[in-house]
$ cat target25.cif   # mmCIF, C-alpha atoms
data_target
loop_
_atom_site.label_atom_id
_atom_site.label_comp_id
_atom_site.auth_asym_id
_atom_site.auth_seq_id
_atom_site.Cartn_x
_atom_site.Cartn_y
_atom_site.Cartn_z
CA MET A 108 -44.11 -106.57 -39.88
CA SER A 109 -44.88 -103.37 -38.11
CA ASN A 110 -44.29 -99.88 -39.41
CA GLU A 111 -41.48 -99.46 -36.97
CA GLN A 112 -39.66 -102.24 -38.45
CA ILE A 113 -39.87 -100.79 -41.92
CA PRO A 114 -36.59 -98.96 -42.65
CA ILE A 115 -36.97 -95.22 -43.36
CA VAL A 116 -35.90 -94.43 -46.79
CA ASN A 117 -35.06 -90.74 -47.36
CA LEU A 118 -35.86 -90.07 -50.89
CA ILE A 119 -34.66 -86.44 -50.70
CA PRO A 120 -31.27 -86.25 -52.25
CA GLN A 121 -28.44 -85.73 -49.73
CA GLU A 122 -27.28 -82.55 -51.49
CA GLN A 123 -30.72 -81.01 -51.14
CA VAL A 124 -30.72 -81.82 -47.42
CA HIS A 125 -27.36 -80.08 -46.97
CA LEU A 126 -28.54 -77.01 -48.84
CA ARG A 127 -31.68 -76.81 -46.73
CA LEU A 128 -29.63 -77.12 -43.51
CA ARG A 129 -27.24 -74.42 -44.73
CA SER A 130 -30.11 -72.19 -45.66
CA GLN A 131 -31.67 -72.67 -42.24
CA TRP A 132 -28.44 -71.65 -40.50
CA ILE A 133 -27.90 -68.69 -42.76
CA HIS A 134 -31.41 -67.57 -41.96
CA ARG A 135 -30.77 -67.99 -38.22
CA TRP A 136 -27.53 -66.07 -38.38
CA VAL A 137 -29.17 -63.26 -40.37
CA MET A 138 -31.80 -63.07 -37.65
CA GLY A 139 -29.01 -63.08 -35.07
CA VAL A 140 -27.21 -60.25 -36.84
CA VAL A 141 -30.42 -58.24 -37.10
CA LEU A 142 -31.13 -58.88 -33.43
CA THR A 143 -27.60 -57.88 -32.44
CA THR A 144 -27.92 -54.74 -34.51
CA LEU A 145 -31.23 -53.88 -32.90
CA VAL A 146 -30.26 -54.76 -29.34
CA ILE A 147 -26.63 -53.64 -29.21
CA GLY A 148 -25.65 -51.86 -32.44
CA ILE A 149 -28.31 -49.18 -32.65
CA PRO A 150 -28.37 -48.35 -28.90
CA GLY A 151 -24.57 -48.18 -28.92
CA VAL A 152 -24.52 -45.79 -31.86
CA TYR A 153 -27.28 -43.76 -30.25
CA ILE A 154 -25.49 -43.53 -26.91
CA GLY A 155 -22.15 -42.74 -28.55
CA GLY A 156 -23.63 -40.17 -30.90
CA ASN A 157 -25.59 -38.60 -28.10
CA ALA A 158 -22.46 -38.33 -26.01
CA VAL A 159 -20.62 -36.62 -28.87
CA LEU A 160 -23.38 -34.21 -29.73
CA THR A 161 -24.62 -33.36 -26.25
CA ASP A 162 -23.46 -29.93 -25.07
CA SER A 163 -23.26 -29.71 -21.31
CA GLY A 164 -23.57 -25.90 -21.50
CA MET A 165 -20.17 -25.66 -19.90
CA VAL A 166 -18.62 -23.84 -22.86
CA ALA A 167 -21.30 -21.19 -22.79
CA GLN A 168 -20.83 -20.80 -19.05
CA ILE A 169 -17.08 -20.46 -19.49
CA GLN A 170 -17.62 -17.80 -22.14
CA ASP A 171 -20.03 -15.90 -19.89
CA VAL A 172 -17.61 -16.04 -16.97
CA ASN A 173 -14.75 -14.97 -19.22
CA ILE A 174 -16.71 -11.97 -20.49
CA GLU A 175 -17.57 -10.97 -16.92
CA TYR A 176 -13.93 -11.50 -15.88
CA GLU A 177 -12.69 -9.27 -18.71
CA ASN A 178 -15.23 -6.59 -17.82
CA GLN A 179 -14.08 -6.63 -14.21
CA GLN A 180 -10.44 -6.65 -15.26
CA ASN A 181 -10.95 -3.65 -17.54
CA ALA A 182 -12.39 -1.64 -14.66
CA ILE A 183 -9.36 -2.21 -12.42
CA PRO A 184 -6.80 -0.04 -14.29
CA GLN A 185 -9.33 2.81 -14.33
CA LEU A 186 -9.85 2.44 -10.59
CA ARG A 187 -6.10 2.34 -9.98
CA GLN A 188 -5.70 5.51 -12.05
CA LYS A 189 -8.50 7.16 -10.07
CA ILE A 190 -6.85 6.15 -6.78
CA LYS A 191 -3.55 7.53 -8.01
CA GLN A 192 -5.19 10.84 -8.87
CA LEU A 193 -7.10 11.05 -5.61
CA SER A 194 -4.00 10.11 -3.59
CA ALA A 195 -1.99 12.80 -5.37
CA GLU A 196 -4.81 15.27 -4.71
CA GLN A 197 -4.94 14.22 -1.08
CA GLU A 198 -1.20 14.71 -0.78
CA VAL A 199 -1.55 18.27 -2.08
CA LEU A 200 -4.48 18.92 0.24
CA ASP A 201 -2.47 17.66 3.21
CA LEU A 202 0.30 20.10 2.33
CA ILE A 203 -2.17 22.94 1.88
CA LYS A 204 -3.35 22.45 5.44
CA ASN A 205 0.21 22.84 6.63
CA ARG A 206 0.35 26.59 6.20
CA ILE A 207 1.06 29.66 8.21
CA GLU A 208 -1.43 32.48 8.39
CA TRP A 209 0.75 35.44 7.68
CA SER A 210 -1.91 38.04 8.30
CA LYS A 211 -2.22 36.77 11.89
CA VAL A 212 1.55 36.65 12.34
CA PHE A 213 1.88 40.21 11.06
CA SER A 214 -1.02 41.33 13.21
CA ILE A 215 0.79 39.94 16.27
CA LEU A 216 3.98 41.78 15.28
CA VAL A 217 2.13 45.06 14.66
CA ALA A 218 0.27 44.71 17.96
CA SER A 219 3.58 44.05 19.72
CA ALA A 220 5.15 47.11 18.10
CA GLY A 221 2.54 49.45 19.55
CA GLU A 222 2.85 53.16 18.93
CA ARG A 223 6.52 53.53 19.77
CA VAL A 224 8.03 51.23 17.18
CA ARG A 225 7.64 51.63 13.41
CA PHE A 226 8.69 49.02 10.89
CA SER A 227 10.72 50.00 7.88
CA ARG A 228 11.14 46.49 6.55
CA LEU A 229 9.55 43.16 7.22
CA THR A 230 10.76 40.11 5.37
CA ALA A 231 9.50 36.57 5.84
CA THR A 232 10.81 33.49 4.08
CA GLY A 233 10.58 29.76 4.50
CA GLY A 234 8.08 27.03 4.97
CA GLY A 235 8.87 25.48 1.65
CA ILE A 236 6.51 23.43 -0.44
CA GLU A 237 6.11 20.77 2.20
CA GLY A 238 6.00 23.23 5.05
CA ASP A 239 8.89 21.53 6.78
CA GLU A 240 11.45 24.29 6.43
CA PRO A 241 11.96 26.79 9.25
CA ILE A 242 10.43 30.21 8.74
CA GLU A 243 12.51 33.28 9.34
CA LEU A 244 11.19 36.77 9.76
CA TYR A 245 13.50 39.74 9.51
CA LEU A 246 12.20 42.93 11.05
CA GLU A 247 13.80 46.30 10.71
CA GLY A 248 12.34 49.39 12.29
CA LEU A 249 12.71 52.48 14.33
CA ALA A 250 11.95 52.74 18.01
CA VAL A 251 11.55 55.92 19.97
CA SER A 252 14.04 54.71 22.56
CA GLN A 253 16.25 51.79 23.43
CA THR A 254 13.73 50.82 26.09
CA ASP A 255 10.97 50.71 23.52
CA ALA A 256 13.12 48.57 21.25
CA ARG A 257 13.79 46.07 24.03
CA ALA A 258 10.19 46.13 25.18
CA PHE A 259 9.09 45.31 21.65
CA VAL A 260 11.34 42.25 21.56
CA VAL A 261 10.08 41.13 24.95
CA ARG A 262 6.48 41.50 23.84
CA ILE A 263 7.10 39.39 20.73
CA GLU A 264 8.75 36.76 22.86
CA SER A 265 5.92 36.73 25.37
CA THR A 266 3.37 35.86 22.68
CA GLN A 267 5.01 32.38 22.65
CA VAL A 268 4.15 32.07 19.01
CA PHE A 269 7.73 32.09 17.82
CA ASP A 270 10.48 29.62 18.55
CA SER A 271 13.22 32.23 18.83
CA VAL A 272 13.36 36.02 18.90
CA GLU A 273 16.74 37.62 18.50
CA LEU A 274 17.56 41.31 18.63
CA MET A 275 20.38 41.40 16.11
CA GLU A 276 21.38 44.99 16.23
CA THR A 277 20.39 48.40 17.53
CA THR A 278 21.91 51.64 16.27
CA ARG A 279 21.27 55.27 17.04
CA GLU A 280 19.94 57.20 14.06
CA ILE A 281 18.82 60.79 13.56
CA ILE A 282 16.05 61.43 11.09
CA GLU A 283 14.86 64.96 10.48
CA GLU A 284 16.65 66.07 13.65
CA ILE A 285 14.86 63.47 15.78
CA GLU A 286 16.81 60.66 17.40
CA PHE A 287 15.56 57.11 16.92
CA ILE A 288 16.87 53.65 17.65
CA ARG A 289 17.11 51.51 14.52
CA LEU A 290 16.57 47.89 15.44
CA LYS A 291 16.98 44.66 13.52
CA VAL A 292 15.21 41.57 14.81
CA ILE A 293 15.19 38.00 13.55
CA VAL A 294 12.26 35.84 14.56
CA LYS A 295 12.16 32.11 13.78
CA ILE A 296 9.42 29.55 13.59
CA LEU A 297 10.98 26.11 13.40
CA SER A 298 7.83 24.18 12.68
CA ILE A 299 4.53 25.20 11.16
CA GLY A 300 2.90 22.46 13.22
CA ARG A 301 2.14 25.04 15.87
CA THR A 302 0.44 27.92 14.09
CA PRO A 303 -0.53 31.19 15.70
CA ALA A 304 -4.16 30.39 14.97
CA GLU A 305 -3.92 27.17 16.94
CA ASP A 306 -2.17 28.99 19.72
CA GLU A 307 -4.97 31.53 19.84
CA ASP A 308 -7.58 28.78 19.89
CA ALA A 309 -5.70 26.98 22.63
CA GLY A 310 -5.36 30.23 24.57
CA MET B 7 -17.30 -89.70 -45.55
CA PRO B 8 -16.45 -86.92 -48.04
CA GLY B 9 -20.06 -85.68 -48.20
CA ASN B 10 -20.34 -85.15 -44.42
CA HIS B 11 -16.95 -83.48 -44.25
CA SER B 12 -17.93 -81.01 -46.98
CA GLN B 13 -21.18 -80.24 -45.18
CA PHE B 14 -19.32 -79.62 -41.92
CA ASN B 15 -16.97 -77.17 -43.62
CA MET B 16 -19.81 -75.32 -45.22
CA LEU B 17 -21.73 -74.96 -41.95
CA LEU B 18 -18.56 -73.90 -40.17
CA LYS B 19 -18.14 -71.05 -42.65
CA VAL B 20 -21.73 -69.96 -42.09
CA HIS B 21 -21.28 -70.04 -38.30
CA LEU B 22 -17.98 -68.20 -38.51
CA LEU B 23 -19.40 -65.52 -40.78
CA GLY B 24 -22.51 -65.08 -38.66
CA GLY B 25 -20.59 -65.05 -35.39
CA ILE B 26 -17.97 -62.61 -36.65
CA THR B 27 -20.65 -60.29 -38.02
CA CYS B 28 -22.52 -60.24 -34.70
CA VAL B 29 -19.35 -59.77 -32.70
CA LEU B 30 -18.23 -56.97 -35.02
CA ILE B 31 -21.55 -55.17 -34.76
CA ALA B 32 -21.71 -55.53 -30.99
CA GLY B 33 -18.02 -54.71 -30.50
CA SER B 34 -18.12 -51.66 -32.76
CA ALA B 35 -21.24 -50.33 -31.07
CA ILE B 36 -19.81 -50.83 -27.58
CA TYR B 37 -16.43 -49.36 -28.59
CA PHE B 38 -18.04 -46.33 -30.24
CA ALA B 39 -20.31 -45.68 -27.27
CA GLY B 40 -17.52 -46.22 -24.74
CA GLN B 41 -15.05 -44.06 -26.63
CA SER B 42 -17.57 -41.25 -27.07
CA ILE B 43 -18.58 -41.32 -23.43
CA SER B 44 -14.95 -41.36 -22.36
CA ASN B 45 -14.10 -38.40 -24.61
CA ARG B 46 -17.16 -36.53 -23.49
CA ARG B 47 -16.30 -37.10 -19.86
CA GLY B 48 -12.75 -35.91 -20.47
CA LEU B 49 -14.02 -32.77 -22.13
CA PHE B 50 -16.57 -32.25 -19.37
CA LEU B 51 -13.96 -32.58 -16.63
CA SER B 52 -11.57 -30.30 -18.47
CA ALA B 53 -14.32 -27.73 -19.06
CA ARG B 54 -15.43 -27.97 -15.44
CA HIS B 55 -11.88 -27.36 -14.28
CA GLU B 56 -11.55 -24.41 -16.64
CA LEU B 57 -14.86 -23.02 -15.46
CA GLU B 58 -13.85 -23.37 -11.82
CA SER B 59 -10.50 -21.70 -12.35
CA THR B 60 -12.09 -18.89 -14.39
CA ARG B 61 -14.71 -18.41 -11.68
CA ALA B 62 -11.98 -18.27 -9.07
CA GLN B 63 -10.17 -15.61 -11.10
CA LEU B 64 -13.43 -13.74 -11.53
CA ASN B 65 -14.06 -13.82 -7.79
CA ASP B 66 -10.55 -12.56 -7.10
CA THR B 67 -11.07 -9.75 -9.58
CA ILE B 68 -14.46 -8.88 -8.11
CA ASN B 69 -12.93 -8.74 -4.62
CA GLN B 70 -10.04 -6.67 -5.90
CA ARG B 71 -12.42 -4.31 -7.66
CA ALA B 72 -14.62 -4.01 -4.59
CA SER B 73 -11.63 -3.17 -2.44
CA LEU B 74 -10.42 -0.58 -4.96
CA MET B 75 -13.92 0.88 -5.20
CA MET B 76 -14.04 1.17 -1.42
CA ARG B 77 -10.68 2.92 -1.45
CA VAL B 78 -11.86 5.32 -4.14
CA GLN B 79 -15.00 6.09 -2.15
CA THR B 80 -12.98 6.68 1.02
CA LEU B 81 -10.59 9.00 -0.80
CA GLU B 82 -13.49 10.80 -2.47
CA GLN B 83 -15.16 11.31 0.90
CA ILE B 84 -11.91 12.63 2.37
CA THR B 85 -11.32 15.05 -0.51
CA ALA B 86 -14.98 16.09 -0.81
CA ASP B 87 -14.95 18.45 2.17
CA GLN B 88 -11.64 20.01 1.30
CA PRO B 89 -10.76 22.99 -0.88
CA GLU B 90 -11.04 22.38 -4.58
CA LEU B 91 -7.73 22.30 -6.39
CA THR B 92 -7.35 24.14 -9.67
CA SER B 93 -5.50 22.97 -12.73
CA VAL B 94 -2.43 24.89 -13.86
CA LYS B 95 -4.28 25.42 -17.13
CA MET B 96 -6.36 28.00 -15.25
CA LEU B 97 -3.29 30.20 -14.69
CA ASN B 98 -4.73 33.36 -16.23
CA THR B 99 -8.02 32.99 -14.37
CA ARG B 100 -6.11 32.43 -11.16
CA THR B 101 -3.83 35.46 -11.55
CA ALA B 102 -6.84 37.60 -12.48
CA ASP B 103 -8.58 36.48 -9.28
CA ILE B 104 -5.51 37.26 -7.16
CA VAL B 105 -5.23 40.74 -8.69
CA ALA B 106 -8.95 41.27 -8.08
CA ILE B 107 -8.51 40.37 -4.40
CA ALA B 108 -5.51 42.70 -4.08
CA GLU B 109 -7.29 45.60 -5.71
CA SER B 110 -10.43 45.00 -3.69
CA VAL B 111 -8.49 45.89 -0.52
CA GLY B 112 -6.90 48.97 -2.07
CA MET B 113 -3.54 47.57 -3.14
CA LEU B 114 -1.76 48.84 -6.22
CA VAL B 115 -0.60 45.84 -8.22
CA ASP B 116 2.57 46.39 -10.25
CA SER B 117 2.92 42.85 -11.56
CA LEU B 118 1.96 39.27 -10.96
CA GLN B 119 4.18 36.97 -12.96
CA PRO B 120 4.30 33.18 -13.04
CA LEU B 121 7.82 31.78 -12.63
CA ASP B 122 9.15 28.38 -13.70
CA ARG B 123 6.89 25.65 -12.48
CA ILE B 124 8.30 23.39 -9.75
CA THR B 125 7.78 19.79 -10.74
CA ASP B 126 10.65 18.01 -9.01
CA LYS B 127 9.02 18.12 -5.57
CA ARG B 128 6.45 15.84 -4.03
CA VAL B 129 3.60 17.88 -5.48
CA PRO B 130 3.48 20.29 -8.44
CA VAL B 131 3.66 23.96 -7.54
CA GLN B 132 3.38 27.08 -9.66
CA PRO B 133 5.33 30.01 -8.15
CA LEU B 134 3.89 33.48 -8.75
CA GLU B 135 5.80 36.68 -8.02
CA PHE B 136 3.59 39.48 -6.83
CA ARG B 137 4.77 43.07 -6.74
CA GLY B 138 2.65 45.92 -5.54
CA ALA B 139 2.21 48.72 -3.06
CA ALA B 140 -0.23 49.57 -0.31
CA ASN B 141 -0.33 50.58 3.28
CA ALA B 142 0.53 47.85 5.74
CA GLU B 143 -3.05 47.29 6.88
CA ASN B 144 -4.18 46.68 3.32
CA VAL B 145 -1.35 44.21 2.82
CA PHE B 146 -2.46 42.27 5.91
CA ALA B 147 -6.05 42.39 4.68
CA PHE B 148 -4.89 41.08 1.32
CA LEU B 149 -3.03 38.21 2.95
CA GLY B 150 -6.06 37.40 5.09
CA LEU B 151 -8.41 37.38 2.08
CA LEU B 152 -5.97 35.38 0.00
CA GLY B 153 -5.74 32.72 2.70
CA GLU B 154 -9.50 32.62 3.09
CA ARG B 155 -10.49 32.50 -0.59
CA MET B 156 -7.53 30.68 -2.05
CA PRO B 157 -6.27 28.16 0.49
CA ASP B 158 -4.28 26.43 -2.24
CA ILE B 159 -1.98 29.47 -2.48
CA HIS B 160 0.73 29.81 0.13
CA VAL B 161 2.94 32.78 0.77
CA GLN B 162 6.45 31.40 0.51
CA SER B 163 8.17 34.71 1.10
CA ILE B 164 7.11 38.31 1.58
CA ASP B 165 9.10 41.46 1.70
CA LEU B 166 7.49 44.67 2.94
CA ILE B 167 9.68 47.71 2.47
CA LYS B 168 8.87 51.17 3.63
CA ASP B 169 10.83 53.78 1.67
CA SER B 170 10.12 56.72 3.95
CA ILE B 171 9.22 57.13 7.57
CA ASP B 172 6.69 59.80 6.64
CA THR B 173 4.46 57.47 4.69
CA SER B 174 2.49 54.43 5.71
CA ASP B 175 2.75 52.87 2.25
CA VAL B 176 4.98 49.88 1.74
CA ARG B 177 6.30 48.15 -1.33
CA VAL B 178 5.37 44.49 -1.38
CA VAL B 179 7.31 41.73 -3.06
CA CYS B 180 5.68 38.42 -2.45
CA MET B 181 6.40 34.90 -3.66
CA LEU B 182 3.22 32.89 -3.84
CA TYR B 183 3.19 29.12 -4.18
CA TRP B 184 0.12 27.89 -5.96
CA PHE B 185 -0.50 24.17 -5.32
CA ASN B 186 -2.01 22.83 -8.55
CA ASP B 187 -4.42 20.03 -9.10
CA PRO B 188 -2.15 17.05 -9.96
CA ALA B 189 -4.85 15.67 -12.27
CA GLY B 190 -4.51 18.70 -14.53
CA VAL B 191 -0.84 18.04 -15.23
CA ASP B 192 -0.14 16.88 -18.76
CA GLU B 193 3.56 16.31 -18.32
#
$ encode --input "target25.cif" --output "structure tokens"
Amino acid sequence: MSNEQIPIVNLIPQEQVHLRLRSQWIHRWVMGVVLTTLVIGIPGVYIGGNAVLTDSGMVAQIQDVNIEYENQQNAIPQLRQKIKQLSAEQEVLDLIKNRIEWSKVFSILVASAGERVRFSRLTATGGGIEGDEPIELYLEGLAVSQTDARAFVVRIESTQVFDSVELMETTREIIEEIEFIRLKVIVKILSIGRTPAEDEDAG
Amino acid sequence: MPGNHSQFNMLLKVHLLGGITCVLIAGSAIYFAGQSISNRRGLFLSARHELESTRAQLNDTINQRASLMMRVQTLEQITADQPELTSVKMLNTRTADIVAIAESVGMLVDSLQPLDRITDKRVPVQPLEFRGAANAENVFAFLGLLGERMPDIHVQSIDLIKDSIDTSDVRVVCMLYWFNDPAGVDE
């Protein structure tokens, strides 16, 4: 009878065999759980936690840009105010340029009067703030003769500085036993655009 | 056999418990990582969009500011070579200067009074009424000097009246318009 033919008799009690098998499987599963934790659990928590905690720096960049934006924005109202002031100043300066040089106008009138006409009144009004109103000069004076009075008007007209020259009235008048011609003249300048100074320069 | 059946049940419980534990650990880890990455990406995209839009606004503002700065510089260059405007607050200084000019050419100044300020026109103007006396040549010299030294003062009206033919003196009534510096207006 060979050994192979001898029936194997397991002397270990069946219950003990079951417990050993169960223990082996529990041990394997514990190893499996540990392995799963090491291979998947910990890397997963690390990756997830890293993703939560990592700051891309975007927030800081947004804050920087916002601060710069606010700085730039704050400067704009000041610049607008400055432009408003400068524009208003420029407007005034433009109007200032649009002026008539009265001393030159009066010099022309005095030169035209010569020795034979004397003014008793000279009134000038107009122009206005914006320089767009017509200017009117009222001249009243005494001429030695009617010819002198007319010649005076012609001389004013020939300067071509004024838009219209009108001899309103002439009357005979005796002052201290000498006869004079009282004359009243109205001279108009419709636009200051053409000033006597410019006319002189052009001449 | 009852013994084998009991063993099978026991092992099944062990396998179930082990399998569920592994799946739970793996599933939780993957879910946590995936969820965190997804949230992070959402936040990143949102922040990137916000950053881009803020940068665009910043660029617009910078361009706007540059254009305004250029306009200011242009206006400053234009006004730099022109007469300096004086604030209406300098009224007394201004009238003193006008009187000084008048007296320097031999005019007798009776009065120089400011009238009601004109504010309803395009630019603010302070009218000044000048009354005095001089010979005609001095009056013309005064007007010439006034125009030269104070280009911001315009003669709005002038009345020269000679009371007697024997004298060369004339009475002068003159309305001066002083164009103020608009920046000095508090109203």
$ resolve_selection --input "target25.cif" --expression "the PyMOL selection byres ((chain B and resi 49) around 12)" --output "PyMOL selection string"
(chain A and resi 158-159+161-166) or (chain B and resi 42-48+50-57)
$ resolve_selection --input "target25.cif" --expression "the PyMOL selection byres ((chain B) within 6 of (chain A))" --output "list of chain:residue names"
B:Gly24, B:Cys28, B:Ile31, B:Ala32, B:Ala35, B:Ile36, B:Phe38, B:Ala39, B:Ser42, B:Ile43, B:Leu57, B:Leu64, B:Val78, B:Phe146, B:Leu149, B:Gly150, B:Asp158, B:Gln162, B:Ser163, B:Ile164, B:Asp165, B:Leu166, B:Ile167, B:Lys168, B:Ala189
$ write_last_selection --input "target25.cif" --atoms "C-alpha atoms" --output "short mmCIF file (atom, residue, chain, number, x, y, z; two decimals), keeping the file's coordinate frame"
data_model
loop_
_atom_site.label_atom_id
_atom_site.label_comp_id
_atom_site.auth_asym_id
_atom_site.auth_seq_id
_atom_site.Cartn_x
_atom_site.Cartn_y
_atom_site.Cartn_z
CA GLY B 24 -22.51 -65.08 -38.66
CA CYS B 28 -22.52 -60.24 -34.70
CA ILE B 31 -21.55 -55.17 -34.76
CA ALA B 32 -21.71 -55.53 -30.99
CA ALA B 35 -21.24 -50.33 -31.07
CA ILE B 36 -19.81 -50.83 -27.58
CA PHE B 38 -18.04 -46.33 -30.24
CA ALA B 39 -20.31 -45.68 -27.27
CA SER B 42 -17.57 -41.25 -27.07
CA ILE B 43 -18.58 -41.32 -23.43
CA LEU B 57 -14.86 -23.02 -15.46
CA LEU B 64 -13.43 -13.74 -11.53
CA VAL B 78 -11.86 5.32 -4.14
CA PHE B 146 -2.46 42.27 5.91
CA LEU B 149 -3.03 38.21 2.95
CA GLY B 150 -6.06 37.40 5.09
CA ASP B 158 -4.28 26.43 -2.24
CA GLN B 162 6.45 31.40 0.51
CA SER B 163 8.17 34.71 1.10
CA ILE B 164 7.11 38.31 1.58
CA ASP B 165 9.10 41.46 1.70
CA LEU B 166 7.49 44.67 2.94
CA ILE B 167 9.68 47.71 2.47
CA LYS B 168 8.87 51.17 3.63
CA ALA B 189 -4.85 15.67 -12.27
#
$ atom_distance --input "target25.cif" --atom1 "CA of Val251 in chain A" --atom2 "CA of Ile263 in chain A"
17.1 Å
$ atom_distance --input "target25.cif" --atom1 "CA of Arg128 in chain B" --atom2 "CA of Ser73 in chain B"
26.3 Å
$ resolve_selection --input "target25.cif" --expression "the PyMOL selection byres ((chain B and resi 131) around 7)" --output "VMD selection string"
chain B and resid 123 to 125 129 to 130 132 to 133 183 to 186
$ residues_around --input "target25.cif" --residues "range 266-279 of chain A" --least-positions-apart "4" --cutoff "10 Å" --atoms "only C-alpha atoms" --output "MDAnalysis selection string"
chainID A and resid 212 215:216 219 241:250 252:253 256:257 259:262 286:298 301:307
$ atom_distance --input "target25.cif" --atom1 "CA of Thr92 in chain B" --atom2 "CA of Gln185 in chain A"
21.9 Å
$ residues_around --input "target25.cif" --residues "Arg100 in chain B" --least-positions-apart "3" --cutoff "12 Å" --atoms "only C-alpha atoms" --output "number ranges by chain"
B: 91-97, 103-107, 118-120, 132, 134, 152, 155-156, 158-159, 182, 184-186
$ build_atoms --input "target25.cif" --residues "range 256-272 of chain A" --atoms "N, CA and C atoms" --output "CSV table (one decimal), in the frame of the given file"
chain,number,residue,atom,x,y,z
A,256,ALA,N,12.6,49.6,22.1
A,256,ALA,CA,13.1,48.6,21.2
A,256,ALA,C,13.2,47.3,22.0
A,257,ARG,N,13.7,47.3,23.2
A,257,ARG,CA,13.8,46.1,24.0
A,257,ARG,C,12.4,45.6,24.4
A,258,ALA,N,11.6,46.5,24.8
A,258,ALA,CA,10.2,46.1,25.2
A,258,ALA,C,9.5,45.4,24.0
A,259,PHE,N,9.7,45.9,22.8
A,259,PHE,CA,9.1,45.3,21.6
A,259,PHE,C,9.5,43.9,21.5
A,260,VAL,N,10.8,43.6,21.7
A,260,VAL,CA,11.3,42.2,21.6
A,260,VAL,C,10.7,41.4,22.6
A,261,VAL,N,10.6,41.9,23.8
A,261,VAL,CA,10.1,41.1,25.0
A,261,VAL,C,8.6,40.8,24.7
A,262,ARG,N,7.9,41.8,24.1
A,262,ARG,CA,6.5,41.5,23.8
A,262,ARG,C,6.3,40.4,22.8
A,263,ILE,N,7.2,40.5,21.8
A,263,ILE,CA,7.1,39.4,20.7
A,263,ILE,C,7.3,38.0,21.4
A,264,GLU,N,8.4,38.0,22.2
A,264,GLU,CA,8.8,36.8,22.9
A,264,GLU,C,7.6,36.2,23.7
A,265,SER,N,7.0,37.2,24.4
A,265,SER,CA,5.9,36.7,25.4
A,265,SER,C,4.7,36.2,24.7
A,266,THR,N,4.5,36.4,23.4
A,266,THR,CA,3.4,35.9,22.7
A,266,THR,C,3.5,34.3,22.6
A,267,GLN,N,4.7,33.8,22.7
A,267,GLN,CA,5.0,32.4,22.6
A,267,GLN,C,4.6,31.7,21.3
A,268,VAL,N,4.5,32.6,20.3
A,268,VAL,CA,4.2,32.1,19.0
A,268,VAL,C,5.4,31.6,18.3
A,269,PHE,N,6.5,32.3,18.6
A,269,PHE,CA,7.7,32.1,17.8
A,269,PHE,C,8.7,31.2,18.6
A,270,ASP,N,9.5,30.5,17.9
A,270,ASP,CA,10.5,29.6,18.6
A,270,ASP,C,11.7,30.4,19.1
A,271,SER,N,12.1,31.4,18.3
A,271,SER,CA,13.2,32.2,18.8
A,271,SER,C,13.1,33.7,18.4
A,272,VAL,N,13.4,34.6,19.2
A,272,VAL,CA,13.4,36.0,18.9
A,272,VAL,C,14.7,36.6,19.2
